[in-house]
$ cat entry02.cif   # mmCIF, C-alpha atoms
data_query
loop_
_atom_site.label_atom_id
_atom_site.label_comp_id
_atom_site.auth_asym_id
_atom_site.auth_seq_id
_atom_site.Cartn_x
_atom_site.Cartn_y
_atom_site.Cartn_z
CA MET K 1 -17.85 -6.68 -14.18
CA ALA K 2 -16.82 -7.80 -10.69
CA HIS K 3 -19.00 -6.54 -7.84
CA ALA K 4 -17.38 -4.05 -5.45
CA GLN K 5 -16.36 -5.69 -2.16
CA PRO K 6 -16.93 -3.87 1.17
CA PRO K 7 -13.69 -2.19 2.31
CA ILE K 8 -11.47 -4.05 4.78
CA PRO K 9 -9.48 -1.58 6.96
CA VAL K 10 -6.04 -2.90 7.99
CA THR K 11 -3.75 -1.58 10.76
CA ALA K 12 0.01 -2.01 11.24
CA ARG K 13 1.81 -1.24 14.50
CA SER K 14 5.38 -1.35 15.77
CA ARG K 15 6.32 -4.59 17.55
CA GLY K 16 10.12 -4.72 17.43
CA PRO K 17 12.75 -6.04 15.00
CA LEU K 18 11.98 -8.16 11.93
CA ALA K 19 13.96 -11.39 11.44
CA GLY K 20 13.79 -14.47 9.24
CA ARG K 21 14.08 -15.73 5.66
CA VAL K 22 11.33 -15.25 3.05
CA ARG K 23 10.61 -15.67 -0.63
CA VAL K 24 8.07 -13.27 -2.06
CA PRO K 25 5.63 -14.39 -4.80
CA GLY K 26 6.59 -14.69 -8.46
CA ASP K 27 7.10 -11.58 -10.57
CA LYS K 28 3.81 -10.13 -11.79
CA SER K 29 5.17 -8.79 -15.11
CA ILE K 30 6.68 -12.16 -16.05
CA SER K 31 3.61 -14.08 -14.81
CA HIS K 32 1.28 -12.14 -17.15
CA ARG K 33 3.67 -12.59 -20.08
CA SER K 34 4.17 -16.33 -19.37
CA LEU K 35 0.45 -16.97 -19.87
CA ILE K 36 0.25 -14.72 -22.94
CA PHE K 37 3.23 -16.39 -24.63
CA GLY K 38 1.85 -19.81 -23.66
CA LEU K 39 -1.36 -18.82 -25.50
CA LEU K 40 0.57 -17.71 -28.61
CA ALA K 41 2.95 -20.72 -28.76
CA ILE K 42 2.42 -24.13 -30.34
CA GLY K 43 2.62 -26.99 -27.81
CA GLU K 44 2.45 -27.05 -24.02
CA THR K 45 4.27 -24.40 -21.95
CA ARG K 46 5.08 -25.36 -18.35
CA ILE K 47 5.28 -22.49 -15.86
CA SER K 48 6.62 -22.74 -12.31
CA GLY K 49 6.51 -19.99 -9.68
CA LEU K 50 3.54 -18.21 -11.30
CA LEU K 51 2.07 -15.41 -9.16
CA GLU K 52 -1.47 -16.53 -8.30
CA GLY K 53 -2.80 -13.05 -7.47
CA GLU K 54 -6.11 -11.88 -8.87
CA ASP K 55 -4.55 -9.79 -11.66
CA VAL K 56 -2.67 -12.75 -13.15
CA MET K 57 -5.68 -15.05 -12.80
CA ARG K 58 -7.64 -12.62 -15.03
CA THR K 59 -4.98 -13.09 -17.72
CA ALA K 60 -5.28 -16.88 -17.33
CA ASP K 61 -9.07 -16.57 -17.77
CA ALA K 62 -8.57 -14.45 -20.90
CA ALA K 63 -6.12 -17.02 -22.36
CA ARG K 64 -8.79 -19.72 -21.86
CA ALA K 65 -11.44 -17.53 -23.51
CA LEU K 66 -9.13 -17.06 -26.52
CA GLY K 67 -8.71 -20.82 -27.01
CA ALA K 68 -5.83 -21.96 -24.81
CA ILE K 69 -6.16 -25.04 -22.59
CA VAL K 70 -4.93 -23.96 -19.14
CA HIS K 71 -4.19 -26.45 -16.32
CA HIS K 72 -3.34 -25.58 -12.69
CA ASP K 73 -1.37 -28.55 -11.30
CA ARG K 74 -0.39 -27.27 -7.84
CA PRO K 75 0.48 -23.89 -6.23
CA GLY K 76 2.65 -21.92 -8.68
CA SER K 77 2.74 -24.77 -11.23
CA TRP K 78 0.75 -24.34 -14.46
CA ARG K 79 0.54 -25.81 -17.97
CA ILE K 80 -0.85 -23.96 -20.98
CA ARG K 81 -1.46 -25.47 -24.44
CA GLY K 82 -1.45 -22.62 -26.93
CA VAL K 83 -3.17 -21.93 -30.24
CA GLY K 84 -0.25 -20.25 -32.04
CA VAL K 85 0.07 -16.75 -33.53
CA GLY K 86 -2.98 -16.24 -35.74
CA GLY K 87 -4.97 -19.00 -34.05
CA LEU K 88 -6.97 -17.04 -31.46
CA ARG K 89 -10.64 -17.96 -31.00
CA GLU K 90 -13.15 -15.13 -30.68
CA PRO K 91 -14.21 -15.09 -27.01
CA GLY K 92 -17.84 -15.78 -26.19
CA GLY K 93 -18.09 -13.00 -23.62
CA VAL K 94 -16.39 -9.95 -22.12
CA LEU K 95 -12.70 -10.22 -21.11
CA ASP K 96 -12.96 -8.85 -17.53
CA PHE K 97 -9.48 -7.90 -16.30
CA GLY K 98 -10.55 -6.70 -12.85
CA ASN K 99 -7.73 -4.44 -11.60
CA ALA K 100 -5.06 -5.70 -14.05
CA GLY K 101 -3.61 -2.82 -16.06
CA THR K 102 -0.72 -4.90 -17.42
CA GLY K 103 -2.84 -7.90 -18.39
CA SER K 104 -5.48 -5.80 -20.14
CA ARG K 105 -3.04 -3.61 -22.09
CA LEU K 106 -0.83 -6.48 -23.24
CA MET K 107 -3.85 -8.56 -24.26
CA MET K 108 -5.21 -5.58 -26.24
CA GLY K 109 -2.02 -5.80 -28.29
CA VAL K 110 -2.53 -9.54 -28.83
CA CYS K 111 -6.25 -9.41 -29.70
CA GLY K 112 -6.18 -6.12 -31.62
CA ALA K 113 -3.92 -7.63 -34.30
CA HIS K 114 -6.04 -10.79 -34.83
CA PRO K 115 -9.20 -10.93 -37.01
CA ILE K 116 -11.56 -11.25 -34.03
CA THR K 117 -13.80 -8.91 -32.01
CA THR K 118 -13.03 -8.61 -28.29
CA VAL K 119 -14.65 -6.64 -25.47
CA PHE K 120 -12.41 -5.50 -22.58
CA ASP K 121 -13.66 -4.38 -19.16
CA GLY K 122 -12.48 -4.19 -15.55
CA ASP K 123 -13.24 -2.86 -12.09
CA ALA K 124 -13.86 0.75 -11.05
CA SER K 125 -10.11 1.40 -10.81
CA LEU K 126 -9.29 -0.05 -14.25
CA ARG K 127 -12.17 1.92 -15.79
CA LYS K 128 -10.35 5.14 -14.83
CA ARG K 129 -7.03 4.20 -16.42
CA PRO K 130 -5.98 5.59 -19.83
CA MET K 131 -5.90 3.05 -22.68
CA ARG K 132 -5.57 5.57 -25.55
CA ARG K 133 -1.78 5.13 -25.45
CA ILE K 134 -2.32 1.46 -26.46
CA LEU K 135 -5.15 2.14 -28.94
CA ASP K 136 -3.19 4.74 -30.97
CA PRO K 137 -0.51 2.33 -32.27
CA LEU K 138 -3.08 -0.47 -32.69
CA GLU K 139 -5.16 1.76 -34.98
CA LEU K 140 -2.04 2.36 -37.09
CA MET K 141 -1.75 -1.44 -37.39
CA GLY K 142 -5.33 -1.77 -38.66
CA THR K 143 -7.35 -2.33 -35.46
CA THR K 144 -10.85 -0.79 -35.39
CA ILE K 145 -12.03 0.68 -32.08
CA VAL K 146 -15.71 -0.31 -32.29
CA ALA K 147 -16.69 1.19 -28.92
CA GLN K 148 -14.88 2.92 -26.04
CA GLU K 149 -15.59 5.06 -23.02
CA GLU K 150 -14.47 8.69 -22.93
CA GLY K 151 -10.71 9.08 -23.32
CA GLY K 152 -10.25 5.54 -24.64
CA ARG K 153 -11.16 3.84 -21.37
CA VAL K 154 -12.76 0.44 -20.74
CA PRO K 155 -15.25 -0.97 -21.41
CA LEU K 156 -14.04 -0.95 -25.00
CA THR K 157 -14.45 -3.19 -28.05
CA LEU K 158 -11.68 -3.96 -30.57
CA ARG K 159 -12.04 -5.53 -34.02
CA GLY K 160 -8.80 -6.77 -35.52
CA PRO K 161 -7.89 -6.59 -39.24
CA LYS K 162 -7.67 -9.56 -41.62
CA GLU K 163 -3.91 -8.95 -41.52
CA ALA K 164 -2.19 -6.48 -39.21
CA VAL K 165 0.14 -3.84 -40.69
CA PRO K 166 3.74 -3.72 -39.38
CA ILE K 167 4.74 -0.27 -38.09
CA THR K 168 7.71 1.66 -36.73
CA TYR K 169 6.52 3.32 -33.51
CA ARG K 170 8.24 5.74 -31.17
CA THR K 171 6.57 5.51 -27.75
CA PRO K 172 5.24 8.95 -26.68
CA VAL K 173 5.81 8.18 -22.97
CA THR K 174 8.21 5.81 -21.23
CA SER K 175 6.14 2.65 -20.86
CA ALA K 176 6.98 -1.05 -21.07
CA GLN K 177 3.25 -1.72 -21.52
CA ILE K 178 3.02 0.32 -24.75
CA LYS K 179 6.20 -1.27 -26.11
CA SER K 180 5.01 -4.76 -25.22
CA ALA K 181 1.51 -4.26 -26.68
CA VAL K 182 2.98 -3.12 -30.02
CA LEU K 183 5.46 -6.02 -30.14
CA LEU K 184 2.74 -8.55 -29.27
CA ALA K 185 0.56 -7.06 -32.03
CA GLY K 186 3.58 -7.19 -34.35
CA LEU K 187 3.69 -10.99 -33.98
CA ALA K 188 0.56 -11.18 -36.15
CA ALA K 189 1.83 -8.71 -38.79
CA PRO K 190 3.98 -9.71 -41.80
CA GLY K 191 7.37 -8.01 -42.14
CA GLU K 192 9.14 -6.06 -39.43
CA THR K 193 7.59 -4.17 -36.50
CA THR K 194 9.91 -1.70 -34.73
CA VAL K 195 9.47 0.06 -31.39
CA ILE K 196 11.75 2.96 -30.40
CA GLU K 197 11.85 4.10 -26.76
CA THR K 198 13.67 7.20 -25.47
CA GLU K 199 14.32 5.61 -22.05
CA ALA K 200 14.96 1.87 -21.76
CA THR K 201 12.06 0.12 -19.95
CA ARG K 202 11.79 -3.38 -18.45
CA ASP K 203 12.74 -5.86 -21.17
CA HIS K 204 10.83 -9.02 -20.17
CA THR K 205 8.83 -9.07 -23.42
CA GLU K 206 11.98 -8.99 -25.58
CA LYS K 207 13.60 -11.75 -23.51
CA MET K 208 10.47 -13.88 -23.70
CA LEU K 209 10.10 -13.35 -27.46
CA THR K 210 13.60 -14.78 -27.87
CA HIS K 211 12.88 -17.60 -25.38
CA PHE K 212 9.87 -18.72 -27.47
CA GLY K 213 11.75 -18.54 -30.78
CA ALA K 214 10.87 -15.15 -32.29
CA ASP K 215 13.45 -13.20 -34.29
CA VAL K 216 13.97 -10.01 -32.30
CA SER K 217 16.93 -7.61 -32.18
CA VAL K 218 17.65 -4.80 -29.72
CA SER K 219 20.06 -1.91 -30.36
CA PRO K 220 20.81 1.38 -28.56
CA ASP K 221 18.97 4.52 -29.68
CA GLY K 222 20.18 7.84 -28.32
CA ALA K 223 21.63 8.33 -24.83
CA HIS K 224 19.26 6.07 -22.84
CA GLY K 225 16.90 4.60 -25.43
CA ARG K 226 16.56 1.43 -27.45
CA ARG K 227 15.26 0.25 -30.83
CA ILE K 228 13.54 -3.15 -30.80
CA MET K 229 12.90 -4.88 -34.16
CA LEU K 230 10.66 -7.96 -34.47
CA LYS K 231 10.12 -10.18 -37.51
CA GLY K 232 6.40 -10.90 -37.67
CA GLN K 233 4.36 -14.11 -38.07
CA PRO K 234 6.83 -16.49 -36.38
CA GLU K 235 5.78 -19.95 -35.22
CA LEU K 236 6.42 -19.64 -31.50
CA GLN K 237 7.30 -22.93 -29.78
CA ALA K 238 6.26 -23.83 -26.24
CA ALA K 239 9.11 -23.33 -23.74
CA PRO K 240 9.38 -23.84 -19.95
CA ILE K 241 9.36 -20.75 -17.72
CA VAL K 242 10.59 -20.33 -14.14
CA VAL K 243 9.12 -17.10 -12.73
CA PRO K 244 11.63 -15.36 -10.39
CA ALA K 245 10.55 -13.57 -7.20
CA ASP K 246 9.01 -10.14 -7.87
CA PRO K 247 11.34 -7.21 -7.00
CA SER K 248 8.30 -4.92 -6.65
CA SER K 249 6.89 -7.26 -3.96
CA ALA K 250 10.31 -7.76 -2.35
CA ALA K 251 10.44 -3.97 -1.89
CA PHE K 252 7.96 -4.16 1.01
CA PRO K 253 9.82 -6.51 3.41
CA LEU K 254 13.08 -4.92 2.23
CA VAL K 255 12.10 -1.36 3.22
CA ALA K 256 10.44 -2.65 6.42
CA ALA K 257 13.73 -4.26 7.49
CA LEU K 258 15.62 -1.01 6.79
CA ILE K 259 13.31 1.19 8.92
CA VAL K 260 12.41 -1.11 11.85
CA PRO K 261 15.38 -0.83 14.27
CA GLY K 262 17.35 -4.03 14.87
CA SER K 263 15.92 -5.91 11.87
CA ASP K 264 17.96 -8.48 9.90
CA ILE K 265 16.23 -10.52 7.17
CA LEU K 266 17.00 -12.58 4.05
CA ILE K 267 14.86 -12.32 0.88
CA GLU K 268 15.41 -15.22 -1.52
CA SER K 269 15.72 -15.31 -5.33
CA VAL K 270 14.79 -11.67 -6.03
CA MET K 271 15.02 -10.72 -9.71
CA THR K 272 17.91 -8.28 -10.18
CA ASN K 273 17.37 -7.38 -13.85
CA PRO K 274 19.08 -3.95 -14.09
CA LEU K 275 15.94 -2.50 -15.72
CA ARG K 276 13.99 -3.40 -12.55
CA SER K 277 16.52 -2.66 -9.80
CA GLY K 278 16.34 1.13 -9.49
CA LEU K 279 15.05 0.82 -5.92
CA LEU K 280 18.12 -1.16 -4.83
CA THR K 281 20.39 1.43 -6.46
CA THR K 282 18.57 4.29 -4.72
CA LEU K 283 18.43 2.66 -1.28
CA ARG K 284 22.16 1.88 -1.44
CA GLU K 285 22.80 5.57 -2.29
CA MET K 286 20.81 6.38 0.87
CA GLY K 287 23.21 4.20 2.89
CA ALA K 288 21.03 1.07 3.16
CA ASP K 289 22.71 -2.11 4.41
CA ILE K 290 21.76 -4.51 1.57
CA SER K 291 24.19 -7.29 0.67
CA VAL K 292 24.02 -10.13 -1.90
CA GLU K 293 24.27 -13.56 -0.26
CA SER K 294 24.02 -15.67 -3.44
CA GLU K 295 23.31 -15.20 -7.15
CA ALA K 296 21.72 -17.43 -9.79
CA ASN K 297 19.78 -17.41 -13.07
CA GLU K 298 16.08 -18.33 -13.28
CA GLY K 299 14.27 -18.42 -16.61
CA GLY K 300 16.81 -16.13 -18.27
CA GLU K 301 16.67 -13.55 -15.45
CA ALA K 302 19.41 -12.83 -12.89
CA VAL K 303 18.25 -13.43 -9.29
CA ALA K 304 19.91 -12.92 -5.91
CA THR K 305 19.26 -13.65 -2.25
CA LEU K 306 19.49 -10.32 -0.40
CA ARG K 307 20.41 -9.74 3.25
CA VAL K 308 18.84 -6.56 4.60
CA ARG K 309 19.72 -4.96 7.95
CA ALA K 310 18.28 -1.87 9.61
CA GLY K 311 20.46 1.23 9.79
CA ALA K 312 20.63 4.97 9.28
CA LEU K 313 19.47 6.33 5.90
CA LYS K 314 20.18 9.75 4.38
CA GLY K 315 18.16 11.82 1.89
CA VAL K 316 19.15 11.77 -1.81
CA THR K 317 17.98 13.12 -5.18
CA VAL K 318 16.58 10.40 -7.44
CA PRO K 319 17.14 11.30 -11.13
CA PRO K 320 14.15 11.20 -13.52
CA GLU K 321 15.83 8.71 -15.87
CA ARG K 322 15.75 6.11 -13.09
CA ALA K 323 11.92 6.15 -12.99
CA PRO K 324 11.34 3.33 -15.54
CA SER K 325 13.42 0.89 -13.47
CA MET K 326 11.47 1.53 -10.24
CA ILE K 327 8.13 3.02 -11.28
CA ASP K 328 6.12 0.75 -8.94
CA GLU K 329 8.46 1.26 -5.98
CA TYR K 330 8.15 5.02 -5.45
CA PRO K 331 5.41 4.74 -2.79
CA VAL K 332 7.53 2.48 -0.58
CA LEU K 333 10.66 4.54 -1.35
CA ALA K 334 8.76 7.58 -0.04
CA VAL K 335 8.19 5.63 3.19
CA ALA K 336 11.94 4.91 3.46
CA ALA K 337 12.66 8.60 2.76
CA SER K 338 10.43 9.57 5.70
CA PHE K 339 12.85 7.73 8.03
CA ALA K 340 16.01 9.13 6.39
CA ALA K 341 17.98 12.12 7.64
CA GLY K 342 17.46 15.10 5.32
CA THR K 343 15.57 15.78 2.10
CA THR K 344 14.82 13.21 -0.60
CA ARG K 345 13.68 14.56 -3.97
CA MET K 346 12.19 12.04 -6.43
CA ARG K 347 12.18 13.64 -9.86
CA GLY K 348 10.05 13.09 -12.98
CA LEU K 349 7.14 11.07 -11.57
CA GLN K 350 4.44 12.07 -14.08
CA GLU K 351 3.77 8.38 -14.88
CA LEU K 352 2.60 7.84 -11.27
CA ARG K 353 -0.44 10.01 -12.00
CA VAL K 354 -1.95 7.31 -14.27
CA LYS K 355 -1.40 4.16 -12.17
CA GLU K 356 -4.15 2.33 -10.21
CA SER K 357 -4.74 5.71 -8.57
CA ASP K 358 -3.07 9.13 -8.92
CA ARG K 359 -0.28 7.50 -6.97
CA LEU K 360 1.67 10.75 -6.58
CA ALA K 361 -1.23 12.51 -4.80
CA ALA K 362 -2.05 9.37 -2.79
CA VAL K 363 1.53 9.08 -1.50
CA GLU K 364 1.63 12.76 -0.52
CA ALA K 365 -1.68 12.45 1.36
CA GLY K 366 -0.53 9.25 3.13
CA LEU K 367 2.76 10.80 4.23
CA LYS K 368 0.96 13.86 5.61
CA ALA K 369 -1.45 11.55 7.51
CA ALA K 370 1.65 10.10 9.21
CA GLY K 371 2.98 13.55 10.15
CA VAL K 372 5.70 13.67 7.46
CA ILE K 373 6.55 17.01 5.85
CA CYS K 374 6.38 16.57 2.07
CA ALA K 375 5.35 18.40 -1.11
CA ILE K 376 4.71 17.88 -4.82
CA GLU K 377 6.52 20.39 -7.06
CA GLY K 378 5.58 19.81 -10.71
CA ASP K 379 6.26 16.09 -11.22
CA ASP K 380 8.68 15.84 -8.27
CA LEU K 381 7.94 14.47 -4.81
CA ILE K 382 9.95 16.01 -1.96
CA VAL K 383 10.10 14.26 1.42
CA GLU K 384 11.67 15.84 4.51
CA GLY K 385 13.09 12.97 6.57
CA ARG K 386 13.38 13.18 10.36
CA GLY K 387 16.22 10.66 10.74
CA GLY K 388 14.16 7.75 12.03
CA GLU K 389 11.36 9.46 13.97
CA VAL K 390 7.91 9.37 12.33
CA ALA K 391 4.75 9.99 14.33
CA GLY K 392 2.25 7.81 12.45
CA GLY K 393 -1.30 7.53 13.78
CA GLY K 394 -2.98 8.38 10.48
CA LEU K 395 -5.68 6.84 8.28
CA VAL K 396 -4.56 6.46 4.65
CA ALA K 397 -6.96 6.49 1.68
CA THR K 398 -5.74 3.76 -0.69
CA HIS K 399 -7.99 4.61 -3.69
CA LEU K 400 -8.16 0.84 -4.45
CA ASP K 401 -4.37 0.85 -5.01
CA HIS K 402 -2.56 -2.21 -3.63
CA ARG K 403 0.89 -0.56 -3.56
CA ILE K 404 -0.39 2.42 -1.56
CA ALA K 405 -1.96 -0.01 0.94
CA MET K 406 1.20 -2.12 1.38
CA SER K 407 3.56 0.86 1.53
CA PHE K 408 1.73 2.52 4.44
CA LEU K 409 1.32 -0.77 6.30
CA VAL K 410 5.12 -1.14 6.07
CA MET K 411 5.39 2.39 7.47
CA GLY K 412 3.15 1.48 10.43
CA LEU K 413 5.65 -1.20 11.53
CA ALA K 414 8.11 1.61 12.39
CA THR K 415 6.01 4.67 13.35
CA ARG K 416 5.37 5.69 16.99
CA GLN K 417 1.59 5.31 16.52
CA PRO K 418 -0.10 2.64 14.34
CA MET K 419 -0.99 3.34 10.69
CA THR K 420 -4.34 2.25 9.23
CA VAL K 421 -5.27 1.94 5.54
CA ASP K 422 -8.94 2.30 4.63
CA ASP K 423 -8.98 -0.91 2.56
CA GLY K 424 -6.59 -3.83 2.23
CA ALA K 425 -8.81 -6.06 0.09
CA MET K 426 -7.03 -5.20 -3.18
CA ILE K 427 -3.61 -6.35 -1.86
CA ALA K 428 -4.66 -9.79 -3.17
CA THR K 429 -4.33 -8.53 -6.77
CA SER K 430 -0.52 -8.71 -6.60
CA PHE K 431 0.66 -10.12 -3.21
CA PRO K 432 -1.98 -12.38 -1.60
CA SER K 433 0.42 -13.58 1.14
CA PHE K 434 1.62 -10.07 2.14
CA VAL K 435 0.10 -9.90 5.64
CA ALA K 436 1.10 -13.46 6.55
CA LEU K 437 4.63 -12.98 5.23
CA MET K 438 5.20 -9.69 7.10
CA ASN K 439 3.75 -11.09 10.34
CA GLY K 440 5.94 -14.19 9.92
CA LEU K 441 8.97 -11.87 10.06
CA GLY K 442 7.69 -10.41 13.34
CA GLY K 443 5.41 -7.66 12.05
CA ASP K 444 2.05 -6.76 13.54
CA ILE K 445 -0.51 -6.21 10.74
CA ALA K 446 -4.15 -6.96 11.53
#

$ encode --input "entry02.cif" --output "structure tokens"
Amino acid sequence: MAHAQPPIPVTARSRGPLAGRVRVPGDKSISHRSLIFGLLAIGETRISGLLEGEDVMRTADAARALGAIVHHDRPGSWRIRGVGVGGLREPGGVLDFGNAGTGSRLMMGVCGAHPITTVFDGDASLRKRPMRRILDPLELMGTTIVAQEEGGRVPLTLRGPKEAVPITYRTPVTSAQIKSAVLLAGLAAPGETTVIETEATRDHTEKMLTHFGADVSVSPDGAHGRRIMLKGQPELQAAPIVVPADPSSAAFPLVAALIVPGSDILIESVMTNPLRSGLLTTLREMGADISVESEANEGGEAVATLRVRAGALKGVTVPPERAPSMIDEYPVLAVAASFAAGTTRMRGLQELRVKESDRLAAVEAGLKAAGVICAIEGDDLIVEGRGGEVAGGGLVATHLDHRIAMSFLVMGLATRQPMTVDDGAMIATSFPSFVALMNGLGGDIA
């Protein structure tokens, strides 16, 4: 397991309007999946725009350990020669995923359905995160949980069956990671594996299955849900991937430009997949000045260049069914809500309690440190906005959570007094260039 690094406090202060044109790093969800599908395909997959944060690099390391040949040609440009479905090599050591919840859970689906034994571990934060939700369907497919920590946490050891059993599985909570793990396991099973979700979640796995040649069909199920059916044991063929800019990373300069008076910025090639764009929908409901300058398609995903200008925001109620399309953006939305006029109520945020930290409690504590009136009622977060005036001056405990750190540094660019986070080291897991990019727009983060 990686050694704990000493904390690196980081402070953001107000320095005037933000201006300029930026492209944020590649999408983290698609970057993880690109490497996983490259591993499971026959031939050489070329990837451009890959996010080179620590989380994704752990997935690249795991792909190598499982038999793939992985080349890094230049920044963002990678080649991976896969072993095919059924061709995984048993790794010689522990698969250490560091802080990567997505990488570890998806790879559990891959490994758990192959006849190999794998040991999964991670850092102190990952060791607290629940994995039982992934292990339950894998056990139904024939995976043996050889060893696990209390509550199904890492470090844990999986032994896959000689041949995985196809299942029909209704996800107990709204989670793209559960869905994706079951579908990735289903690749190794004969017959048809079906996942039913009550609320539609991000669909990158389904799109990538099709892109690599799998037979997958998606149909509506109920009011908001979907039924995904996959024919198992396909021969996936290598296919090129262009990774679009990550909307979850774009959220930080976007909200900063909305709350720092006089700001006017352009953010290039942001993925606008409707199952990932709940933040844009919500901010526009709040009155945000966000316009589309140009639109294109990258790697099967819709992308757009967004122009964002500062202006007055108003409080809104965010419905619970929107949570899957913006689950990672609630911390920075809470920052925007602090600068809005009136009350913002974000409903149905129970999934935030099992992220890198209890993100719901961490956001509430951070807002209070900045002098914002807020409360948690059940699974709702309520923020009382002051219409643009936020005191700041607080120290925020990040709990090793990169999104908490970046959200409150964005806040510090617009508060009267600077905001400090207790540790910014883990920002590198998802957005290594964050500080340089924000300062390049005119921010003051040190």

$ residues_around --input "entry02.cif" --residues "Ala113 in chain K" --least-positions-apart "6" --cutoff "8 Å" --atoms "all atoms listed in the file" --output "JSON, numbers by chain"
{"K": [138, 141, 142, 143, 160, 161, 163, 164, 185, 186, 188, 189]}

$ residues_around --input "entry02.cif" --residues "range 20-31 of chain K" --least-positions-apart "6" --cutoff "10 Å" --atoms "all atoms listed in the file" --output "JSON, numbers by chain"
{"K": [47, 48, 49, 50, 51, 52, 53, 55, 56, 57, 59, 60, 76, 102, 103, 176, 177, 202, 204, 205, 208, 241, 242, 243, 244, 245, 246, 247, 248, 249, 250, 251, 252, 253, 263, 264, 265, 266, 267, 268, 269, 270, 271, 299, 305, 306, 307, 429, 430, 431, 432, 433, 434, 437, 438, 440, 441, 442]}

$ atom_distance --input "entry02.cif" --atom1 "CA of Gly388 in chain K" --atom2 "CA of Leu313 in chain K"
8.2 Å

$ closest_atom_pairs --input "entry02.cif" --of "range 195-308 of chain K" --to "range 324-347 of chain K" --cutoff "6 Å" --atoms "all atoms listed in the file" --output "Markdown table"
| residue | atom | partner | partner_atom | distance |
| --- | --- | --- | --- | --- |
| K:Thr201 | CA | K:Pro324 | CA | 5.5 |
| K:Leu275 | CA | K:Ser325 | CA | 4.8 |
| K:Arg276 | CA | K:Ser325 | CA | 4.4 |
| K:Ser277 | CA | K:Ser325 | CA | 6.0 |
| K:Gly278 | CA | K:Ser325 | CA | 4.9 |
| K:Leu279 | CA | K:Met326 | CA | 5.7 |

$ residues_around --input "entry02.cif" --residues "Glu235 in chain K" --least-positions-apart "2" --cutoff "12 Å" --atoms "all atoms listed in the file" --output "PDB file with C-alpha atoms, in the coordinates of the input"
ATOM      1  CA  PHE K  37       3.230 -16.390 -24.630  1.00  0.00           C
ATOM      2  CA  LEU K  40       0.570 -17.710 -28.610  1.00  0.00           C
ATOM      3  CA  ALA K  41       2.950 -20.720 -28.760  1.00  0.00           C
ATOM      4  CA  ILE K  42       2.420 -24.130 -30.340  1.00  0.00           C
ATOM      5  CA  GLY K  43       2.620 -26.990 -27.810  1.00  0.00           C
ATOM      6  CA  GLY K  82      -1.450 -22.620 -26.930  1.00  0.00           C
ATOM      7  CA  VAL K  83      -3.170 -21.930 -30.240  1.00  0.00           C
ATOM      8  CA  GLY K  84      -0.250 -20.250 -32.040  1.00  0.00           C
ATOM      9  CA  VAL K  85       0.070 -16.750 -33.530  1.00  0.00           C
ATOM     10  CA  GLY K  86      -2.980 -16.240 -35.740  1.00  0.00           C
ATOM     11  CA  GLY K  87      -4.970 -19.000 -34.050  1.00  0.00           C
ATOM     12  CA  LEU K 187       3.690 -10.990 -33.980  1.00  0.00           C
ATOM     13  CA  ALA K 188       0.560 -11.180 -36.150  1.00  0.00           C
ATOM     14  CA  LEU K 209      10.100 -13.350 -27.460  1.00  0.00           C
ATOM     15  CA  THR K 210      13.600 -14.780 -27.870  1.00  0.00           C
ATOM     16  CA  PHE K 212       9.870 -18.720 -27.470  1.00  0.00           C
ATOM     17  CA  GLY K 213      11.750 -18.540 -30.780  1.00  0.00           C
ATOM     18  CA  ALA K 214      10.870 -15.150 -32.290  1.00  0.00           C
ATOM     19  CA  ASP K 215      13.450 -13.200 -34.290  1.00  0.00           C
ATOM     20  CA  LYS K 231      10.120 -10.180 -37.510  1.00  0.00           C
ATOM     21  CA  GLY K 232       6.400 -10.900 -37.670  1.00  0.00           C
ATOM     22  CA  GLN K 233       4.360 -14.110 -38.070  1.00  0.00           C
ATOM     23  CA  GLN K 237       7.300 -22.930 -29.780  1.00  0.00           C
ATOM     24  CA  ALA K 238       6.260 -23.830 -26.240  1.00  0.00           C
TER      25      ALA K 238
END

$ atom_distance --input "entry02.cif" --atom1 "CA of Leu88 in chain K" --atom2 "CA of His114 in chain K"
7.2 Å

$ resolve_selection --input "entry02.cif" --expression "the PyMOL selection byres ((chain K and resi 90) around 6)" --output "PyMOL selection string"
chain K and resi 89+91+116

$ write_last_selection --input "entry02.cif" --atoms "C-alpha atoms" --output "PDB file, in the coordinates of the input"
ATOM      1  CA  ARG K  89     -10.640 -17.960 -31.000  1.00  0.00           C
ATOM      2  CA  PRO K  91     -14.210 -15.090 -27.010  1.00  0.00           C
ATOM      3  CA  ILE K 116     -11.560 -11.250 -34.030  1.00  0.00           C
TER       4      ILE K 116
END

$ build_atoms --input "entry02.cif" --residues "range 325-329 of chain K" --atoms "N, CA and C atoms" --output "mmCIF file, in the coordinates of the input"
data_model
loop_
_atom_site.group_PDB
_atom_site.id
_atom_site.type_symbol
_atom_site.label_atom_id
_atom_site.label_comp_id
_atom_site.auth_asym_id
_atom_site.auth_seq_id
_atom_site.Cartn_x
_atom_site.Cartn_y
_atom_site.Cartn_z
ATOM 1 N N SER K 325 12.912 2.096 -14.138
ATOM 2 C CA SER K 325 13.420 0.890 -13.470
ATOM 3 C C SER K 325 12.883 0.720 -12.046
ATOM 4 N N MET K 326 12.018 1.639 -11.606
ATOM 5 C CA MET K 326 11.470 1.530 -10.240
ATOM 6 C C MET K 326 10.103 2.201 -10.135
ATOM 7 N N ILE K 327 9.354 2.221 -11.253
ATOM 8 C CA ILE K 327 8.130 3.020 -11.280
ATOM 9 C C ILE K 327 7.123 2.559 -10.221
ATOM 10 N N ASP K 328 7.084 1.251 -9.931
ATOM 11 C CA ASP K 328 6.120 0.750 -8.940
ATOM 12 C C ASP K 328 6.613 0.889 -7.503
ATOM 13 N N GLU K 329 7.883 1.259 -7.324
ATOM 14 C CA GLU K 329 8.460 1.260 -5.980
ATOM 15 C C GLU K 329 8.510 2.641 -5.329
#
